[in-house]
Structures are given as C-alpha cells and as structure tokens.
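What follows is the content of entry-v2.pdb (PDB, C-alpha atoms and all ligand atoms).
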```
ATOM      1  CA  MET A1170       0.000   0.000   0.000
ATOM      2  CA  ARG A1171       1.073   3.584  -0.599
ATOM      3  CA  THR A1172       2.868   5.320   2.262
ATOM      4  CA  ASP A1173       0.393   8.231   2.265
ATOM      5  CA  ARG A1174      -2.329   5.974   3.686
ATOM      6  CA  THR A1175      -3.298   4.766   7.128
ATOM      7  CA  PHE A1176      -5.887   2.412   8.578
ATOM      8  CA  THR A1177      -8.451   3.228  11.273
ATOM      9  CA  MET A1178     -11.312   1.615  13.154
ATOM     10  CA  LEU A1179     -14.081   3.467  14.969
ATOM     11  CA  LYS A1180     -14.313   1.001  17.841
ATOM     12  CA  PRO A1181     -17.556  -0.512  19.231
ATOM     13  CA  ASP A1182     -18.000   2.237  21.864
ATOM     14  CA  SER A1183     -17.986   4.923  19.138
ATOM     15  CA  VAL A1184     -20.647   3.052  17.158
ATOM     16  CA  GLU A1185     -22.756   2.362  20.282
ATOM     17  CA  LYS A1186     -22.709   6.029  21.308
ATOM     18  CA  GLY A1187     -23.716   7.282  17.848
ATOM     19  CA  HIS A1188     -20.399   8.992  17.144
ATOM     20  CA  ILE A1189     -19.747   7.620  13.637
ATOM     21  CA  GLY A1190     -20.812  10.797  11.834
ATOM     22  CA  ALA A1191     -19.017  13.208  14.156
ATOM     23  CA  ILE A1192     -15.748  11.270  14.051
ATOM     24  CA  LEU A1193     -15.795  10.819  10.260
ATOM     25  CA  GLU A1194     -16.532  14.552   9.902
ATOM     26  CA  LYS A1195     -13.536  15.399  12.092
ATOM     27  CA  ILE A1196     -11.330  13.042  10.065
ATOM     28  CA  THR A1197     -12.330  14.486   6.692
ATOM     29  CA  ALA A1198     -12.249  18.084   7.996
ATOM     30  CA  SER A1199      -8.641  17.367   9.051
ATOM     31  CA  GLY A1200      -7.655  16.677   5.449
ATOM     32  CA  PHE A1201      -7.943  12.905   5.201
ATOM     33  CA  ARG A1202      -9.669  11.381   2.165
ATOM     34  CA  ILE A1203     -11.664   8.203   2.842
ATOM     35  CA  VAL A1204     -10.532   5.579   0.316
ATOM     36  CA  ALA A1205     -12.196   2.537   1.952
ATOM     37  CA  LEU A1206     -15.069   2.346   4.457
ATOM     38  CA  LYS A1207     -17.352  -0.274   6.001
ATOM     39  CA  LEU A1208     -19.395  -1.267   9.051
ATOM     40  CA  ASN A1209     -18.414  -4.765  10.190
ATOM     41  CA  GLN A1210     -17.965  -6.897  13.297
ATOM     42  CA  MET A1211     -14.753  -8.737  14.141
ATOM     43  CA  THR A1212     -14.874 -12.317  15.373
ATOM     44  CA  LYS A1213     -12.804 -13.357  18.388
ATOM     45  CA  ALA A1214     -10.295 -14.954  16.003
ATOM     46  CA  ASP A1215     -10.137 -11.738  13.959
ATOM     47  CA  ALA A1216      -9.430  -9.596  17.025
ATOM     48  CA  GLU A1217      -6.852 -12.048  18.380
ATOM     49  CA  GLU A1218      -5.034 -11.908  15.050
ATOM     50  CA  PHE A1219      -5.358  -8.147  14.586
ATOM     51  CA  TYR A1220      -3.984  -7.468  18.089
ATOM     52  CA  ALA A1221      -1.566 -10.443  18.195
ATOM     53  CA  VAL A1222       1.316  -8.116  19.116
ATOM     54  CA  HIS A1223      -0.432  -7.566  22.477
ATOM     55  CA  ASN A1224      -1.285 -11.208  23.259
ATOM     56  CA  GLU A1225       1.009 -11.402  26.296
ATOM     57  CA  ARG A1226      -0.320  -8.184  27.831
ATOM     58  CA  PRO A1227      -2.645  -8.318  30.870
ATOM     59  CA  PHE A1228      -5.375  -6.397  29.033
ATOM     60  CA  PHE A1229      -5.477  -8.717  25.994
ATOM     61  CA  GLY A1230      -8.613 -10.660  27.015
ATOM     62  CA  GLU A1231     -10.557  -7.463  27.745
ATOM     63  CA  LEU A1232      -9.339  -5.902  24.515
ATOM     64  CA  VAL A1233     -10.611  -8.844  22.429
ATOM     65  CA  GLU A1234     -13.929  -8.837  24.334
ATOM     66  CA  TYR A1235     -14.348  -5.082  23.750
ATOM     67  CA  MET A1236     -13.390  -5.103  20.082
ATOM     68  CA  THR A1237     -15.798  -7.956  19.263
ATOM     69  CA  ARG A1238     -18.870  -6.880  21.258
ATOM     70  CA  GLY A1239     -20.460  -4.964  18.401
ATOM     71  CA  PRO A1240     -19.860  -3.475  14.990
ATOM     72  CA  ILE A1241     -16.939  -1.232  14.151
ATOM     73  CA  VAL A1242     -16.317   1.123  11.250
ATOM     74  CA  SER A1243     -13.142   0.239   9.358
ATOM     75  CA  ALA A1244     -11.571   2.752   7.004
ATOM     76  CA  VAL A1245      -8.473   3.489   4.983
ATOM     77  CA  LEU A1246      -7.481   7.156   4.911
ATOM     78  CA  GLU A1247      -5.234   9.081   2.532
ATOM     79  CA  LYS A1248      -3.215  12.222   3.273
ATOM     80  CA  SER A1249       0.447  13.144   3.049
ATOM     81  CA  ASN A1250       2.197  11.883   6.217
ATOM     82  CA  ALA A1251      -0.988   9.911   6.970
ATOM     83  CA  VAL A1252       0.224   7.608   9.756
ATOM     84  CA  GLU A1253       1.864  10.295  11.884
ATOM     85  CA  ASP A1254      -0.779  12.960  11.240
ATOM     86  CA  PHE A1255      -3.598  10.558  12.087
ATOM     87  CA  ARG A1256      -1.918   9.485  15.351
ATOM     88  CA  ALA A1257      -1.726  13.195  16.224
ATOM     89  CA  LEU A1258      -5.418  13.654  15.384
ATOM     90  CA  ILE A1259      -6.547  10.744  17.594
ATOM     91  CA  GLY A1260      -4.324  11.619  20.579
ATOM     92  CA  ALA A1261      -2.708   9.479  23.267
ATOM     93  CA  THR A1262      -3.889   5.919  23.977
ATOM     94  CA  ASN A1263      -5.146   7.064  27.387
ATOM     95  CA  PRO A1264      -7.697   9.873  26.870
ATOM     96  CA  ALA A1265      -6.559  11.384  30.177
ATOM     97  CA  ASP A1266      -3.234  12.110  28.440
ATOM     98  CA  ALA A1267      -4.723  13.095  25.060
ATOM     99  CA  ALA A1268      -4.372  16.675  23.849
ATOM    100  CA  GLU A1269      -7.392  18.999  23.719
ATOM    101  CA  GLY A1270      -9.393  18.621  20.520
ATOM    102  CA  THR A1271      -8.129  15.151  19.691
ATOM    103  CA  ILE A1272     -10.639  12.421  18.894
ATOM    104  CA  ARG A1273      -9.768  10.420  21.998
ATOM    105  CA  LYS A1274     -10.007  13.519  24.219
ATOM    106  CA  LEU A1275     -13.448  14.224  22.762
ATOM    107  CA  TYR A1276     -14.902  10.721  22.520
ATOM    108  CA  ALA A1277     -12.894   8.117  24.502
ATOM    109  CA  ALA A1278     -14.035   6.935  27.940
ATOM    110  CA  SER A1279     -10.851   5.230  29.172
ATOM    111  CA  ILE A1280      -7.515   3.731  28.118
ATOM    112  CA  GLY A1281      -9.352   0.511  27.252
ATOM    113  CA  GLU A1282     -12.430   1.970  25.538
ATOM    114  CA  ASN A1283     -10.657   4.642  23.568
ATOM    115  CA  ALA A1284     -12.950   5.229  20.586
ATOM    116  CA  VAL A1285     -10.555   4.798  17.665
ATOM    117  CA  HIS A1286      -7.603   2.848  16.293
ATOM    118  CA  GLY A1287      -4.804   4.324  14.210
ATOM    119  CA  SER A1288      -1.952   2.393  12.605
ATOM    120  CA  ASP A1289       1.482   3.044  14.128
ATOM    121  CA  SER A1290       3.641   2.635  10.981
ATOM    122  CA  ASP A1291       3.343   2.519   7.186
ATOM    123  CA  GLU A1292       4.114  -1.200   7.324
ATOM    124  CA  ASN A1293       1.345  -1.898   9.855
ATOM    125  CA  ALA A1294      -1.077   0.361   7.982
ATOM    126  CA  ALA A1295      -0.642  -1.818   4.901
ATOM    127  CA  ILE A1296      -1.032  -5.047   6.883
ATOM    128  CA  GLU A1297      -4.101  -3.773   8.755
ATOM    129  CA  ALA A1298      -5.798  -2.380   5.632
ATOM    130  CA  ALA A1299      -5.279  -5.702   3.842
ATOM    131  CA  PHE A1300      -6.694  -7.527   6.885
ATOM    132  CA  HIS A1301      -9.994  -5.609   6.561
ATOM    133  CA  PHE A1302     -10.318  -4.774   2.866
ATOM    134  CA  SER A1303      -9.788  -6.457  -0.479
ATOM    135  CA  GLY A1304      -8.028  -4.509  -3.216
ATOM    136  CA  ARG A1305     -11.396  -3.917  -4.911
ATOM    137  CA  GLU A1306     -12.726  -2.173  -1.776
ATOM    138  CA  MET A1307      -9.949   0.463  -1.703
ATOM    139  CA  PHE A1308     -10.189   3.444  -4.062
TER     140      PHE A1308
HETATM  141  N1  LIG A1401      -5.215  -0.985  25.776
HETATM  142  C1  LIG A1401      -5.738  -1.274  27.023
HETATM  143  N2  LIG A1401      -4.954  -1.052  28.129
HETATM  144  C2  LIG A1401      -3.689  -0.574  28.049
HETATM  145  C3  LIG A1401      -3.152  -0.293  26.773
HETATM  146  C4  LIG A1401      -3.942  -0.504  25.668
HETATM  147  O1  LIG A1401      -6.878  -1.706  27.126
HETATM  148  O2  LIG A1401      -3.026  -0.403  29.093
HETATM  149  C5  LIG A1401      -6.030  -1.209  24.572
HETATM  150  C6  LIG A1401      -6.554   0.102  23.971
HETATM  151  O3  LIG A1401      -7.853  -0.149  23.409
HETATM  152  C7  LIG A1401      -5.527   0.373  22.890
HETATM  153  C8  LIG A1401      -5.229  -1.041  22.381
HETATM  154  O4  LIG A1401      -5.241  -1.840  23.574
HETATM  155  O5  LIG A1401      -6.016   1.244  21.886
HETATM  156  C9  LIG A1401      -3.910  -1.209  21.666
HETATM  157  O6  LIG A1401      -2.879  -0.701  22.502
HETATM  158  P1  LIG A1401      -1.717   0.200  21.900
HETATM  159  O7  LIG A1401      -0.668   0.312  22.949
HETATM  160  O8  LIG A1401      -1.306  -0.319  20.559
HETATM  161  O9  LIG A1401      -2.409   1.642  21.772
HETATM  162  P2  LIG A1401      -2.850   2.486  20.479
HETATM  163  O10 LIG A1401      -1.843   2.186  19.391
HETATM  164  O11 LIG A1401      -4.240   2.054  20.140
HETATM  165  O12 LIG A1401      -2.794   3.908  20.935
HETATM  166 MG    MG A1402      -1.171   0.421  18.635
END
```
With the file now loaded, output its structure as structure tokens.
Ligand code: UDP
Ligand code: MG
Amino acid sequence: MRTDRTFTMLKPDSVEKGHIGAILEKITASGFRIVALKLNQMTKADAEEFYAVHNERPFFGELVEYMTRGPIVSAVLEKSNAVEDFRALIGATNPADAAEGTIRKLYAASIGENAVHGSDSDENAAIEAAFHFSGREMF
C-alpha cells in the first residue's frame, strides 16, 4: 500500500454512542480522504489476530472482548504523512493524556475503551488495511 495511507477503526464504543458521523466529519475536515469504508464486526479470532502483538499483555482478554462486542467502522485514509498525522489527530492511547481537541479527548471513555484505532507505521497500515479490505474495496 502507498505510504500516504493509514488504517483506522471506529471502535464498538464509538458506534454504540452514535459517534460515527461526528468522528468521520472530524477526520475528513482534518484533510484525510476516505478511500475505503465499512461497518463490520470482528470475530474473536479476527481480534486475536489483529492485536496479536499484544497477546502477552494483561489487558489482551478485555481488549478482544471489547473489540468484538459490536460493529466497528473500518476505514483506509489518505493524506500526506498519513500515519503520523492521524496518530496526532486521535491523541494518546489514554484519553486522560490526550491533547485537547483530539478524537480520543473528545470521545474516549478510558484507556481501554478509547474510541478509535490508528496504525502506528506505514508497514502496519498496509497489513491492517489488507486484513480488513480487499483490493477492490480500496479506491
Ligand atoms: N489498551 C488497554 N490497556 C492498556 C493499553 C492498551 O486496554 O493499558 C487497549 C486500547 O484499546 C488500545 C489497544 O489496547 O487502543 C492497543 O494498545 P496500543 O498500545 O497499541 O495503543 P494504540 O496504538 O491504540 O494507541
Ligand atoms: Mg497500537
């Protein structure tokens, strides 16, 4: 995948609280172009694979439970410097540490239920986008 793209998920808490529209508006108003988008629900196996890097961490079981409890919105976003700029837009993992105006500051409840995912590298963005979307679903 091109290096000007990143992958995001609006996590189950964002969907449950009715924040899909507000978060997508903030993303596009911040200069990201949506090049893939869908509502879908991860299975336990999906979440275990997606978050495999964290499988030894104490929060892994809760994370899988949370990420599979309802639908998510998956998207691929395009902008120059996409990965870094999107991480800045979402804010710190723990909303208590997130900067004012960031998506997690605005919409996340806790370090566990933190509203959105953002890829942490170009390499992971490509892997994560391919996990959720076929080539024909990315524009
Ligand atoms: N997480 C958690 N407790 C922690 C750290 C992370 O529940 O102490 C969850 C949280 O949902 C986070 C995800 O695990 O978004 C992945 O963690 P990571 O450190 O990769 O944070 P992110 O890249 O999402 O900011
Ligand atoms: Mg991460």
field: Point (-4.4, 7.5, 27.4), cut-off 12 Å, counting all atoms listed in the file, residues as a count of residues only
entry: 23
message: I'd like the residues picked by the PyMOL selection byres (((chain A and resi 1201-1204) around 12) and not hetatm) written out as a VMD selection string, using the chain letters and numbers from the file.
response: chain A and resid 1170 to 1171 1173 to 1177 1192 to 1200 1205 to 1207 1242 to 1252 1254 to 1255 1258 1298 1302 1304 to 1308
- prompt: Using only C-alpha atoms, which residues sit within 10 Å of A:Glu1234 once same-chain residues fewer than 2 positions away are excluded, as a list in words?
  reply: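 Residues near the query, excluding close chain neighbours: Thr1212, Lys1213, Ala1216, Glu1217, Phe1229, Gly1230, Glu1231, Leu1232, Met1236, Thr1237, Arg1238 and Gly1239 of chain A.
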message: Report, in Å with one decimal, the straight-line distance from atom CA of A:Ser1303 to atom O6 of ligand LIG 1401 (chain A).
response: 24.7 Å
- request: Name the residues captured by the PyMOL selection byres (((not hetatm)) within 7 of (chain A and resi 1402)) when it is applied to the shown file; answer as an MDAnalysis selection string.
  value: chainID A and resid 1287:1289
Output check: residues returned by the PyMOL selection byres (((chain A and resi 1209) around 6) and not hetatm), as a PyMOL selection string: chain A and resi 1208+1210+1240-1241
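Using all atoms listed in the file, the smallest distance between any of A:Phe1300, A:Phe1228, A:Tyr1276, A:Phe1219 and ligand LIG 1401 (chain A) comes from A:Phe1228.
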Would you place a box with edges along x, y and z of the file around all atoms of ligand LIG 1401 (chain A) listed there, add 5 Å to each of its six sides, and report the centre and edge lengths in Å to one decimal, as lines of an AutoDock Vina configuration file?
```
center_x = -4.3
center_y = 1.0
center_z = 24.2
size_x = 17.2
size_y = 15.7
size_z = 19.7
```
Atom CA of A:Leu1275 to atom CA of A:Arg1256, straight-line distance in Å: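 Atom CA of A:Leu1275 lies 14.5 Å from atom CA of A:Arg1256.
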